[in-house]
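Q: Sharing coords_14.pdb here; it has PDB, C-alpha atoms.
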ATOM      1  CA  MET I   6     -15.220 -16.785  11.161
ATOM      2  CA  SER I   7     -15.667 -14.396   8.233
ATOM      3  CA  THR I   8     -15.282 -15.762   4.703
ATOM      4  CA  ILE I   9     -14.859 -12.333   3.115
ATOM      5  CA  SER I  10     -11.743 -12.019   0.968
ATOM      6  CA  VAL I  11      -9.247  -9.192   1.462
ATOM      7  CA  ILE I  12      -7.192  -6.839  -0.696
ATOM      8  CA  ASP I  13      -4.154  -5.440   1.134
ATOM      9  CA  THR I  14      -2.490  -2.462  -0.537
ATOM     10  CA  HIS I  15       0.854  -2.500   1.301
ATOM     11  CA  CYS I  16       3.313  -4.980   2.756
ATOM     12  CA  ASP I  17       7.124  -5.117   2.932
ATOM     13  CA  ALA I  18       7.696  -8.851   2.483
ATOM     14  CA  LEU I  19      10.111  -8.193  -0.404
ATOM     15  CA  LEU I  20      12.345  -6.123   1.858
ATOM     16  CA  LYS I  21      12.575  -9.007   4.321
ATOM     17  CA  LEU I  22      13.367 -11.445   1.515
ATOM     18  CA  TRP I  23      16.099  -9.073   0.293
ATOM     19  CA  GLU I  24      17.562  -8.605   3.766
ATOM     20  CA  ASP I  25      17.718 -12.355   4.412
ATOM     21  CA  ARG I  26      17.977 -14.463   1.252
ATOM     22  CA  LYS I  27      17.562 -17.674   3.293
ATOM     23  CA  LEU I  28      13.953 -16.861   4.209
ATOM     24  CA  SER I  29      11.211 -18.864   2.547
ATOM     25  CA  PHE I  30       8.174 -16.943   1.331
ATOM     26  CA  THR I  31       6.176 -20.142   1.663
ATOM     27  CA  ASP I  32       6.101 -20.472   5.422
ATOM     28  CA  SER I  33       8.818 -18.453   7.168
ATOM     29  CA  ILE I  34       7.474 -17.295  10.520
ATOM     30  CA  SER I  35       9.535 -14.118  10.063
ATOM     31  CA  ILE I  36       7.297 -13.016   7.177
ATOM     32  CA  ASP I  37       3.908 -11.641   8.225
ATOM     33  CA  CYS I  38       2.551 -12.023   4.685
ATOM     34  CA  ASN I  39       4.010 -15.402   3.767
ATOM     35  CA  ALA I  40       2.078 -17.618   1.386
ATOM     36  CA  GLU I  41       0.531 -19.814   4.056
ATOM     37  CA  ARG I  42      -0.640 -16.820   6.083
ATOM     38  CA  LEU I  43      -2.126 -15.066   3.054
ATOM     39  CA  VAL I  44      -4.133 -18.203   2.251
ATOM     40  CA  LYS I  45      -5.335 -18.646   5.846
ATOM     41  CA  GLY I  46      -6.220 -14.950   6.062
ATOM     42  CA  GLN I  47      -8.311 -15.161   2.864
ATOM     43  CA  VAL I  48      -6.236 -12.478   1.177
ATOM     44  CA  LYS I  49      -7.269 -12.364  -2.479
ATOM     45  CA  VAL I  50      -4.851  -9.643  -3.599
ATOM     46  CA  GLN I  51      -1.608  -8.573  -1.944
ATOM     47  CA  CYS I  52       0.425  -5.540  -2.969
ATOM     48  CA  PHE I  53       4.158  -6.094  -2.544
ATOM     49  CA  ALA I  54       6.161  -2.900  -2.031
ATOM     50  CA  ILE I  55       9.662  -2.448  -3.401
ATOM     51  CA  PHE I  56      11.488  -0.337  -0.838
ATOM     52  CA  VAL I  57      15.170   0.618  -0.788
ATOM     53  CA  GLU I  58      16.596   1.582   2.584
ATOM     54  CA  PRO I  59      17.981   5.151   2.795
ATOM     55  CA  PHE I  60      21.444   3.855   3.743
ATOM     56  CA  VAL I  61      21.903   2.257   0.298
ATOM     57  CA  LYS I  62      24.197   4.423  -1.847
ATOM     58  CA  GLN I  63      22.467   6.254  -4.668
ATOM     59  CA  ASP I  64      24.358   4.482  -7.454
ATOM     60  CA  GLN I  65      23.279   1.117  -6.041
ATOM     61  CA  LYS I  66      19.595   1.823  -5.416
ATOM     62  CA  PHE I  67      18.224   0.858  -8.811
ATOM     63  CA  SER I  68      20.109  -2.431  -8.634
ATOM     64  CA  VAL I  69      18.429  -3.113  -5.284
ATOM     65  CA  VAL I  70      15.037  -2.439  -6.876
ATOM     66  CA  LEU I  71      15.819  -4.997  -9.575
ATOM     67  CA  GLU I  72      17.031  -7.484  -6.951
ATOM     68  CA  GLN I  73      13.739  -7.193  -5.076
ATOM     69  CA  ILE I  74      11.762  -7.644  -8.287
ATOM     70  CA  ASP I  75      13.843 -10.746  -9.035
ATOM     71  CA  LEU I  76      13.054 -12.089  -5.562
ATOM     72  CA  PHE I  77       9.374 -11.416  -6.236
ATOM     73  CA  TYR I  78       9.491 -13.537  -9.368
ATOM     74  CA  GLN I  79      11.777 -16.249  -7.969
ATOM     75  CA  LYS I  80      10.412 -16.622  -4.422
ATOM     76  CA  VAL I  81       6.815 -15.409  -4.611
ATOM     77  CA  LEU I  82       5.527 -16.278  -8.088
ATOM     78  CA  THR I  83       7.549 -19.204  -9.428
ATOM     79  CA  PRO I  84       7.217 -21.621  -6.459
ATOM     80  CA  HIS I  85       3.566 -20.702  -5.891
ATOM     81  CA  PRO I  86       1.527 -21.067  -9.090
ATOM     82  CA  GLN I  87      -1.600 -19.947  -7.242
ATOM     83  CA  PHE I  88      -0.047 -16.458  -7.045
ATOM     84  CA  LYS I  89      -0.854 -14.533 -10.220
ATOM     85  CA  LEU I  90       0.944 -11.353 -11.247
ATOM     86  CA  ILE I  91      -1.540  -8.549 -11.870
ATOM     87  CA  ARG I  92      -0.361  -6.537 -14.881
ATOM     88  CA  HIS I  93      -3.764  -5.118 -15.854
ATOM     89  CA  TRP I  94      -6.337  -4.066 -13.311
ATOM     90  CA  HIS I  95      -9.187  -6.092 -14.821
ATOM     91  CA  GLU I  96      -7.204  -9.257 -14.042
ATOM     92  CA  ILE I  97      -8.169  -8.930 -10.374
ATOM     93  CA  GLU I  98     -11.762  -9.765 -11.223
ATOM     94  CA  THR I  99     -10.735 -12.798 -13.287
ATOM     95  CA  LEU I 100      -8.896 -14.492 -10.422
ATOM     96  CA  GLU I 101     -10.260 -17.977  -9.841
ATOM     97  CA  ASP I 102     -10.983 -19.640  -6.521
ATOM     98  CA  GLY I 103      -7.701 -20.450  -4.808
ATOM     99  CA  GLU I 104      -5.736 -17.869  -6.770
ATOM    100  CA  ILE I 105      -4.125 -14.811  -5.144
ATOM    101  CA  GLY I 106      -3.333 -11.681  -7.111
ATOM    102  CA  ALA I 107       0.131 -10.206  -6.572
ATOM    103  CA  ILE I 108       0.797  -6.564  -7.378
ATOM    104  CA  LEU I 109       4.209  -4.879  -7.430
ATOM    105  CA  THR I 110       4.395  -1.342  -6.046
ATOM    106  CA  LEU I 111       7.273   1.107  -5.626
ATOM    107  CA  GLU I 112       7.676   2.981  -2.334
ATOM    108  CA  GLY I 113       9.822   6.033  -3.130
ATOM    109  CA  VAL I 114      11.255   6.921  -6.532
ATOM    110  CA  ASP I 115      14.751   7.958  -5.443
ATOM    111  CA  PRO I 116      16.203   4.784  -7.068
ATOM    112  CA  ILE I 117      15.354   6.122 -10.538
ATOM    113  CA  GLY I 118      17.232   9.398  -9.974
ATOM    114  CA  ASP I 119      16.184  11.752 -12.764
ATOM    115  CA  ASP I 120      15.678   9.009 -15.365
ATOM    116  CA  LEU I 121      12.033   8.360 -16.237
ATOM    117  CA  ALA I 122      13.166   5.584 -18.599
ATOM    118  CA  ARG I 123      13.940   3.590 -15.459
ATOM    119  CA  LEU I 124      10.381   4.165 -14.309
ATOM    120  CA  ARG I 125       9.047   2.814 -17.612
ATOM    121  CA  ILE I 126      11.269  -0.255 -17.205
ATOM    122  CA  LEU I 127       9.624  -0.849 -13.838
ATOM    123  CA  TYR I 128       6.193  -0.563 -15.437
ATOM    124  CA  GLU I 129       7.212  -3.280 -17.902
ATOM    125  CA  LEU I 130       8.378  -5.482 -15.014
ATOM    126  CA  GLY I 131       4.968  -5.187 -13.383
ATOM    127  CA  VAL I 132       4.948  -2.117 -11.105
ATOM    128  CA  ARG I 133       1.384  -0.797 -10.950
ATOM    129  CA  SER I 134       1.502   1.736  -8.108
ATOM    130  CA  VAL I 135       4.176   4.338  -7.393
ATOM    131  CA  GLY I 136       4.692   6.357  -4.224
ATOM    132  CA  LEU I 137       6.865   9.395  -4.864
ATOM    133  CA  THR I 138       8.720   9.377  -1.570
ATOM    134  CA  TRP I 139       9.438   7.578   1.631
ATOM    135  CA  ASN I 140      10.036   9.992   4.536
ATOM    136  CA  GLN I 141      13.008  11.826   3.037
ATOM    137  CA  ALA I 142      13.265  14.151   0.067
ATOM    138  CA  ASN I 143      14.311  13.053  -3.408
ATOM    139  CA  LEU I 144      14.503  14.684  -6.822
ATOM    140  CA  CYS I 145      10.728  14.420  -7.280
ATOM    141  CA  ALA I 146       9.292  15.615  -3.967
ATOM    142  CA  ASP I 147       9.703  15.962  -0.221
ATOM    143  CA  GLY I 148       8.584  13.243   2.165
ATOM    144  CA  VAL I 149       6.827  13.852   5.474
ATOM    145  CA  GLY I 150      10.157  13.762   7.310
ATOM    146  CA  GLU I 151      11.645  16.668   5.350
ATOM    147  CA  THR I 152      11.224  19.885   7.352
ATOM    148  CA  ARG I 153      11.304  21.965   4.175
ATOM    149  CA  GLY I 154       7.930  20.465   3.231
ATOM    150  CA  ALA I 155       8.160  21.281  -0.473
ATOM    151  CA  GLY I 156       5.796  19.923  -3.086
ATOM    152  CA  LEU I 157       6.546  18.234  -6.389
ATOM    153  CA  SER I 158       9.473  19.278  -8.537
ATOM    154  CA  ASN I 159       9.043  19.555 -12.304
ATOM    155  CA  LEU I 160      10.415  16.019 -12.519
ATOM    156  CA  GLY I 161       7.867  14.848  -9.966
ATOM    157  CA  LYS I 162       5.041  16.374 -11.988
ATOM    158  CA  GLU I 163       6.280  14.622 -15.124
ATOM    159  CA  LEU I 164       6.398  11.365 -13.184
ATOM    160  CA  VAL I 165       2.752  11.692 -12.125
ATOM    161  CA  LYS I 166       1.779  12.364 -15.744
ATOM    162  CA  GLU I 167       3.700   9.249 -16.760
ATOM    163  CA  ASN I 168       1.769   7.235 -14.165
ATOM    164  CA  ASN I 169      -1.438   8.555 -15.705
ATOM    165  CA  ARG I 170      -0.359   7.535 -19.209
ATOM    166  CA  TYR I 171       0.333   3.978 -18.066
ATOM    167  CA  ASN I 172      -2.746   3.615 -15.817
ATOM    168  CA  VAL I 173      -0.481   3.389 -12.770
ATOM    169  CA  LEU I 174      -1.665   4.528  -9.339
ATOM    170  CA  THR I 175       0.083   7.479  -7.667
ATOM    171  CA  ASP I 176       0.482   6.809  -3.949
ATOM    172  CA  VAL I 177       0.548   9.782  -1.543
ATOM    173  CA  SER I 178       1.458   7.857   1.632
ATOM    174  CA  HIS I 179       4.745   9.266   3.027
ATOM    175  CA  LEU I 180       4.450  12.385   0.826
ATOM    176  CA  SER I 181       4.662  15.935   2.217
ATOM    177  CA  GLU I 182       1.370  17.775   2.490
ATOM    178  CA  ALA I 183       2.370  20.245  -0.239
ATOM    179  CA  GLY I 184       3.273  17.267  -2.430
ATOM    180  CA  PHE I 185      -0.092  15.697  -1.674
ATOM    181  CA  TRP I 186      -1.937  18.714  -3.030
ATOM    182  CA  ASP I 187       0.231  18.752  -6.160
ATOM    183  CA  VAL I 188      -0.623  15.093  -6.752
ATOM    184  CA  ILE I 189      -4.351  15.702  -6.254
ATOM    185  CA  LYS I 190      -4.211  18.332  -9.012
ATOM    186  CA  LEU I 191      -2.340  16.075 -11.439
ATOM    187  CA  ALA I 192      -3.031  12.404 -10.750
ATOM    188  CA  ASP I 193      -5.801  10.485 -12.462
ATOM    189  CA  TYR I 194      -5.470   7.673  -9.944
ATOM    190  CA  PRO I 195      -4.460   8.969  -6.464
ATOM    191  CA  ILE I 196      -4.400   6.612  -3.486
ATOM    192  CA  ALA I 197      -3.007   6.546   0.036
ATOM    193  CA  SER I 198      -1.908   2.919   0.276
ATOM    194  CA  HIS I 199      -1.193   2.941   4.018
ATOM    195  CA  SER I 200      -2.286   6.034   5.958
ATOM    196  CA  ASN I 201      -4.666   6.882   8.788
ATOM    197  CA  ALA I 202      -6.653   9.898  10.003
ATOM    198  CA  LYS I 203      -4.690  12.681  11.679
ATOM    199  CA  ALA I 204      -7.841  13.751  13.537
ATOM    200  CA  LYS I 205      -7.611  10.471  15.476
ATOM    201  CA  CYS I 206      -3.824  10.351  15.833
ATOM    202  CA  VAL I 207      -1.594  13.344  15.203
ATOM    203  CA  HIS I 208       1.351  11.968  13.263
ATOM    204  CA  PRO I 209       3.032  13.302  10.095
ATOM    205  CA  ARG I 210       2.220  10.033   8.314
ATOM    206  CA  ASN I 211      -1.510  10.490   8.785
ATOM    207  CA  LEU I 212      -3.933  12.482   6.648
ATOM    208  CA  THR I 213      -5.835  15.635   7.613
ATOM    209  CA  ASP I 214      -9.587  15.749   7.126
ATOM    210  CA  GLU I 215      -9.028  18.021   4.127
ATOM    211  CA  GLN I 216      -6.714  15.470   2.529
ATOM    212  CA  ILE I 217      -9.165  12.645   3.185
ATOM    213  CA  LYS I 218     -12.002  14.647   1.635
ATOM    214  CA  ALA I 219      -9.826  15.433  -1.389
ATOM    215  CA  LEU I 220      -9.131  11.726  -1.951
ATOM    216  CA  ILE I 221     -12.847  11.021  -1.634
ATOM    217  CA  ASP I 222     -13.674  13.780  -4.140
ATOM    218  CA  ALA I 223     -11.072  12.322  -6.508
ATOM    219  CA  LYS I 224     -12.674   8.865  -6.116
ATOM    220  CA  GLY I 225      -9.370   7.628  -4.762
ATOM    221  CA  PHE I 226      -8.625   5.178  -1.978
ATOM    222  CA  ILE I 227      -7.334   5.130   1.626
ATOM    223  CA  GLY I 228      -5.735   1.973   2.973
ATOM    224  CA  VAL I 229      -5.955   2.048   6.766
ATOM    225  CA  VAL I 230      -2.586   1.026   8.240
ATOM    226  CA  PHE I 231      -2.179  -1.242  11.278
ATOM    227  CA  TYR I 232       0.853   0.381  12.894
ATOM    228  CA  PRO I 233       0.074   1.280  16.543
ATOM    229  CA  LEU I 234       2.093   4.489  16.357
ATOM    230  CA  PHE I 235      -0.181   5.701  13.537
ATOM    231  CA  LEU I 236      -3.308   4.457  15.294
ATOM    232  CA  ASN I 237      -2.973   5.954  18.769
ATOM    233  CA  GLY I 238       0.584   7.278  19.125
ATOM    234  CA  THR I 239       1.799   4.415  21.321
ATOM    235  CA  ASN I 240       3.378   1.006  20.859
ATOM    236  CA  HIS I 241       0.190  -0.848  21.771
ATOM    237  CA  ALA I 242      -3.099  -0.808  19.902
ATOM    238  CA  THR I 243      -6.239  -2.894  19.562
ATOM    239  CA  ILE I 244      -8.662  -3.497  16.727
ATOM    240  CA  SER I 245     -10.886  -0.851  18.350
ATOM    241  CA  ASP I 246      -8.223   1.722  17.426
ATOM    242  CA  ILE I 247      -8.522   0.691  13.781
ATOM    243  CA  LEU I 248     -12.293   1.086  14.029
ATOM    244  CA  HIS I 249     -11.892   4.625  15.373
ATOM    245  CA  HIS I 250     -10.038   5.620  12.191
ATOM    246  CA  ILE I 251     -12.509   3.828   9.930
ATOM    247  CA  ASP I 252     -15.431   5.472  11.743
ATOM    248  CA  HIS I 253     -13.865   8.881  11.312
ATOM    249  CA  ILE I 254     -13.173   8.431   7.607
ATOM    250  CA  CYS I 255     -16.748   7.218   7.168
ATOM    251  CA  SER I 256     -17.992  10.350   8.967
ATOM    252  CA  LEU I 257     -16.280  12.410   6.256
ATOM    253  CA  GLY I 258     -18.102  10.508   3.507
ATOM    254  CA  GLY I 259     -15.414   7.922   2.916
ATOM    255  CA  GLU I 260     -17.308   4.682   3.497
ATOM    256  CA  LYS I 261     -16.833   3.594  -0.123
ATOM    257  CA  PHE I 262     -13.190   4.664  -0.306
ATOM    258  CA  ILE I 263     -11.665   2.786   2.649
ATOM    259  CA  GLY I 264      -9.601  -0.383   2.522
ATOM    260  CA  PHE I 265      -6.650  -2.009   4.252
ATOM    261  CA  GLY I 266      -2.962  -1.205   3.830
ATOM    262  CA  SER I 267      -1.565  -3.303   6.645
ATOM    263  CA  ASP I 268       2.153  -2.437   6.410
ATOM    264  CA  PHE I 269       2.829  -6.000   7.586
ATOM    265  CA  ASP I 270       6.540  -6.851   7.422
ATOM    266  CA  GLY I 271       7.329  -3.143   7.609
ATOM    267  CA  ILE I 272       6.220  -2.530  11.196
ATOM    268  CA  ASP I 273       7.915  -3.658  14.400
ATOM    269  CA  LYS I 274       4.843  -3.266  16.634
ATOM    270  CA  LYS I 275       1.522  -4.961  15.935
ATOM    271  CA  VAL I 276      -2.133  -4.549  16.789
ATOM    272  CA  GLU I 277      -3.353  -6.997  19.417
ATOM    273  CA  ASN I 278      -4.969 -10.014  17.708
ATOM    274  CA  LEU I 279      -3.780  -8.759  14.328
ATOM    275  CA  LYS I 280      -0.149  -9.823  14.179
ATOM    276  CA  ASN I 281       0.008 -11.040  10.582
ATOM    277  CA  ALA I 282      -2.075 -11.698   7.458
ATOM    278  CA  GLU I 283      -3.465 -14.951   8.849
ATOM    279  CA  MET I 284      -5.481 -12.930  11.371
ATOM    280  CA  TYR I 285      -7.510 -10.849   8.907
ATOM    281  CA  PRO I 286     -10.698 -12.822   9.738
ATOM    282  CA  VAL I 287     -10.457 -11.562  13.326
ATOM    283  CA  LEU I 288     -10.546  -7.969  12.048
ATOM    284  CA  LEU I 289     -13.414  -8.691   9.669
ATOM    285  CA  ASN I 290     -15.480 -10.383  12.366
ATOM    286  CA  GLU I 291     -15.050  -7.355  14.598
ATOM    287  CA  LEU I 292     -16.036  -5.023  11.760
ATOM    288  CA  LEU I 293     -19.171  -7.120  11.146
ATOM    289  CA  LYS I 294     -20.299  -6.291  14.691
ATOM    290  CA  HIS I 295     -20.412  -2.598  13.760
ATOM    291  CA  TYR I 296     -21.142  -2.460  10.020
ATOM    292  CA  SER I 297     -23.333  -4.303   7.537
ATOM    293  CA  GLU I 298     -21.806  -7.178   5.581
ATOM    294  CA  GLU I 299     -22.112  -5.076   2.415
ATOM    295  CA  THR I 300     -20.079  -2.273   3.993
ATOM    296  CA  VAL I 301     -17.430  -4.669   5.334
ATOM    297  CA  ARG I 302     -17.087  -6.281   1.900
ATOM    298  CA  GLY I 303     -16.457  -2.777   0.619
ATOM    299  CA  PHE I 304     -13.691  -2.208   3.145
ATOM    300  CA  ALA I 305     -12.179  -5.632   2.510
ATOM    301  CA  ASN I 306     -12.020  -5.600  -1.289
ATOM    302  CA  GLU I 307     -14.858  -3.989  -3.214
ATOM    303  CA  ASN I 308     -13.894  -0.348  -2.606
ATOM    304  CA  PHE I 309     -10.457  -0.929  -4.123
ATOM    305  CA  ILE I 310     -11.963  -2.724  -7.128
ATOM    306  CA  ARG I 311     -14.506   0.059  -7.576
ATOM    307  CA  MET I 312     -11.732   2.651  -7.518
ATOM    308  CA  LEU I 313      -9.960   0.698 -10.265
ATOM    309  CA  SER I 314     -13.063   0.613 -12.446
ATOM    310  CA  LYS I 315     -12.011   3.977 -13.908
ATOM    311  CA  ASN I 316      -8.502   2.619 -14.438
ATOM    312  CA  VAL I 317      -8.777  -0.402 -16.740
TER     313      VAL I 317
END
What do you get writing this file as structure tokens?
A:
Amino acid sequence: MSTISVIDTHCDALLKLWEDRKLSFTDSISIDCNAERLVKGQVKVQCFAIFVEPFVKQDQKFSVVLEQIDLFYQKVLTPHPQFKLIRHWHEIETLEDGEIGAILTLEGVDPIGDDLARLRILYELGVRSVGLTWNQANLCADGVGETRGAGLSNLGKELVKENNRYNVLTDVSHLSEAGFWDVIKLADYPIASHSNAKAKCVHPRNLTDEQIKALIDAKGFIGVVFYPLFLNGTNHATISDILHHIDHICSLGGEKFIGFGSDFDGIDKKVENLKNAEMYPVLLNELLKHYSEETVRGFANENFIRMLSKNV
């Protein structure tokens, strides 16, 4: 089996821990990215998304964000000293053997309302990547589920500039297409943490060829997501479907800008033979049948690190 280590730019383990406080991050079978599975899957860095469900009332959303951050510290970091919080990007390359980097990300900024001071508080608590929206609209931008399809508001543009000032990534996954193009104009560090190619599967959550090329030109990053609905439009997918998206992005010049954004713990359907983080070696072994080891190492971790080299 492959011994290549992995960086995964999106999982929703914190949401599961928030929904059920009795779950153990160590070994709960309900958590795709639990500690044991991350170790077995040779995951070297895992991004942990903070996501607040749309049904939570607006005046309670920021409290939920803080609750999930508390769970991150109390259930992920404290009981597992091998997990190291990444506050500065260069710390990824200083991780020792046996250590796993843990990065906090924010999926949708509606919990901050119109208060950028709240955003800066989240930076201080460790958030290093910010997606402006989930599928709905908020005060900063429209998500892909908003039929209006508007771009960034003035507040949203200020937020992107704030991300730039703090060397924080701006994530375009879930963002409306108009919002995407606004981010590309403004963001120093644009990424799509968990998105696929619309040319291979027509879904609002996927990226057009023009968007993919823009991220490549910006020296950004695209984390291929493992959700069957975004891979082939059905509830069943195989690793070959993932390869189709990777092949297509490579055909657009994206070989050095692709990685993995699994969306484990946030998806209810899984790719065959890729049900959780423990199974990453299966994916890597299949990739090694089609690409050189150097290229696969790029997909697995080096492309993300290279993207960060301008962001230290």
Q: Give me, as JSON lines, each residue of segment 208-276 of chain I that comes within 10 Å of segment 135-153 of chain I, together with its shortest interatomic pair and the distance in Å at one decimal, counting all atoms listed in the file, with rows ordered by chain and rising residue number.
A:
{"residue": "I:His208", "atom": "CA", "partner": "I:Val149", "partner_atom": "CA", "distance": 9.7}
{"residue": "I:Pro209", "atom": "CA", "partner": "I:Val149", "partner_atom": "CA", "distance": 6.0}
{"residue": "I:Arg210", "atom": "CA", "partner": "I:Val149", "partner_atom": "CA", "distance": 6.6}
{"residue": "I:Asn211", "atom": "CA", "partner": "I:Val149", "partner_atom": "CA", "distance": 9.6}
Q: Excluding Ile196 of chain I and its own-chain neighbours fewer than 2 positions away, which residues fall within 9 Å of it when counting only C-alpha atoms? Please give them as a list in words.
A: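 Result of the neighbour search: Ser134, Leu174, Thr175, Asp176, Val177, Ser178, Tyr194, Ser198, His199, Leu220, Lys224, Gly225, Phe226, Ile227 and Gly228 of chain I.
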Q: Determine the residue set returned by the PyMOL selection byres ((chain I and resi 229-236) around 10) for the present structure, and present it as number ranges by chain.
A: I: 13-15, 197-203, 205-211, 226-228, 237-251, 254, 263-269, 271-277, 279-280, 304
Q: Enumerate, as JSON, numbers by chain, the residues matched when the PyMOL selection byres ((chain I and resi 292-303) around 8) is run on the file above.
A: {"I": [9, 10, 248, 260, 261, 263, 264, 288, 289, 290, 291, 304, 305, 306, 307, 308, 309]}
Q: What is the atom CA of Thr83 of chain I to atom CA of Ser68 of chain I distance in Å?
A: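 Atom CA of Thr83 of chain I sits 21.0 Å away from atom CA of Ser68 of chain I.
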Q: Within 10 Å of Leu257 of chain I, counting all atoms listed in the file, which residues qualify if same-chain residues fewer than 5 places away don't, as a PDB file with C-alpha atoms, keeping the file's coordinate frame?
A:
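Result went into result.pdb, see below:
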ATOM      1  CA  ASP I 214      -9.587  15.749   7.126  1.00  0.00           C
ATOM      2  CA  GLU I 215      -9.028  18.021   4.127  1.00  0.00           C
ATOM      3  CA  ILE I 217      -9.165  12.645   3.185  1.00  0.00           C
ATOM      4  CA  LYS I 218     -12.002  14.647   1.635  1.00  0.00           C
ATOM      5  CA  ILE I 221     -12.847  11.021  -1.634  1.00  0.00           C
ATOM      6  CA  ASP I 252     -15.431   5.472  11.743  1.00  0.00           C
TER       7      ASP I 252
END
Q: Is it possible to add N, CA and C atoms to segment 260-278 of chain I and hand it back as a PDB file, in the coordinates of the input?
A:
ATOM      1  N   GLU I 260     -16.977   6.093   3.304  1.00  0.00           N
ATOM      2  CA  GLU I 260     -17.308   4.682   3.497  1.00  0.00           C
ATOM      3  C   GLU I 260     -16.939   3.820   2.290  1.00  0.00           C
ATOM      4  N   LYS I 261     -17.088   4.369   1.092  1.00  0.00           N
ATOM      5  CA  LYS I 261     -16.833   3.594  -0.123  1.00  0.00           C
ATOM      6  C   LYS I 261     -15.411   3.794  -0.669  1.00  0.00           C
ATOM      7  N   PHE I 262     -14.551   4.371   0.154  1.00  0.00           N
ATOM      8  CA  PHE I 262     -13.190   4.664  -0.306  1.00  0.00           C
ATOM      9  C   PHE I 262     -12.127   4.135   0.668  1.00  0.00           C
ATOM     10  N   ILE I 263     -12.561   3.318   1.628  1.00  0.00           N
ATOM     11  CA  ILE I 263     -11.665   2.786   2.649  1.00  0.00           C
ATOM     12  C   ILE I 263     -11.290   1.352   2.310  1.00  0.00           C
ATOM     13  N   GLY I 264     -10.047   0.996   2.600  1.00  0.00           N
ATOM     14  CA  GLY I 264      -9.601  -0.383   2.522  1.00  0.00           C
ATOM     15  C   GLY I 264      -8.525  -0.624   3.559  1.00  0.00           C
ATOM     16  N   PHE I 265      -7.703  -1.631   3.320  1.00  0.00           N
ATOM     17  CA  PHE I 265      -6.650  -2.009   4.252  1.00  0.00           C
ATOM     18  C   PHE I 265      -5.286  -1.914   3.576  1.00  0.00           C
ATOM     19  N   GLY I 266      -4.359  -1.242   4.253  1.00  0.00           N
ATOM     20  CA  GLY I 266      -2.962  -1.205   3.830  1.00  0.00           C
ATOM     21  C   GLY I 266      -2.114  -1.556   5.037  1.00  0.00           C
ATOM     22  N   SER I 267      -2.026  -2.828   5.341  1.00  0.00           N
ATOM     23  CA  SER I 267      -1.565  -3.303   6.645  1.00  0.00           C
ATOM     24  C   SER I 267      -0.197  -2.779   7.064  1.00  0.00           C
ATOM     25  N   ASP I 268       0.736  -2.697   6.118  1.00  0.00           N
ATOM     26  CA  ASP I 268       2.153  -2.437   6.410  1.00  0.00           C
ATOM     27  C   ASP I 268       2.794  -3.621   7.141  1.00  0.00           C
ATOM     28  N   PHE I 269       2.188  -4.807   7.049  1.00  0.00           N
ATOM     29  CA  PHE I 269       2.829  -6.000   7.586  1.00  0.00           C
ATOM     30  C   PHE I 269       4.222  -6.162   6.980  1.00  0.00           C
ATOM     31  N   ASP I 270       5.120  -6.664   7.765  1.00  0.00           N
ATOM     32  CA  ASP I 270       6.540  -6.851   7.422  1.00  0.00           C
ATOM     33  C   ASP I 270       7.328  -5.545   7.387  1.00  0.00           C
ATOM     34  N   GLY I 271       6.636  -4.422   7.541  1.00  0.00           N
ATOM     35  CA  GLY I 271       7.329  -3.143   7.609  1.00  0.00           C
ATOM     36  C   GLY I 271       7.187  -2.469   8.961  1.00  0.00           C
ATOM     37  N   ILE I 272       6.456  -3.115   9.869  1.00  0.00           N
ATOM     38  CA  ILE I 272       6.220  -2.530  11.196  1.00  0.00           C
ATOM     39  C   ILE I 272       6.749  -3.472  12.275  1.00  0.00           C
ATOM     40  N   ASP I 273       7.324  -2.865  13.322  1.00  0.00           N
ATOM     41  CA  ASP I 273       7.915  -3.658  14.400  1.00  0.00           C
ATOM     42  C   ASP I 273       6.967  -3.846  15.582  1.00  0.00           C
ATOM     43  N   LYS I 274       5.869  -3.104  15.610  1.00  0.00           N
ATOM     44  CA  LYS I 274       4.843  -3.266  16.634  1.00  0.00           C
ATOM     45  C   LYS I 274       3.539  -3.619  15.931  1.00  0.00           C
ATOM     46  N   LYS I 275       2.736  -4.458  16.580  1.00  0.00           N
ATOM     47  CA  LYS I 275       1.522  -4.961  15.935  1.00  0.00           C
ATOM     48  C   LYS I 275       0.287  -4.679  16.785  1.00  0.00           C
ATOM     49  N   VAL I 276      -0.850  -4.665  16.117  1.00  0.00           N
ATOM     50  CA  VAL I 276      -2.133  -4.549  16.789  1.00  0.00           C
ATOM     51  C   VAL I 276      -2.449  -5.881  17.477  1.00  0.00           C
ATOM     52  N   GLU I 277      -2.959  -5.796  18.679  1.00  0.00           N
ATOM     53  CA  GLU I 277      -3.353  -6.997  19.417  1.00  0.00           C
ATOM     54  C   GLU I 277      -4.361  -7.806  18.599  1.00  0.00           C
ATOM     55  N   ASN I 278      -4.123  -9.096  18.482  1.00  0.00           N
ATOM     56  CA  ASN I 278      -4.969 -10.014  17.708  1.00  0.00           C
ATOM     57  C   ASN I 278      -4.950  -9.743  16.209  1.00  0.00           C
TER      58      ASN I 278
END
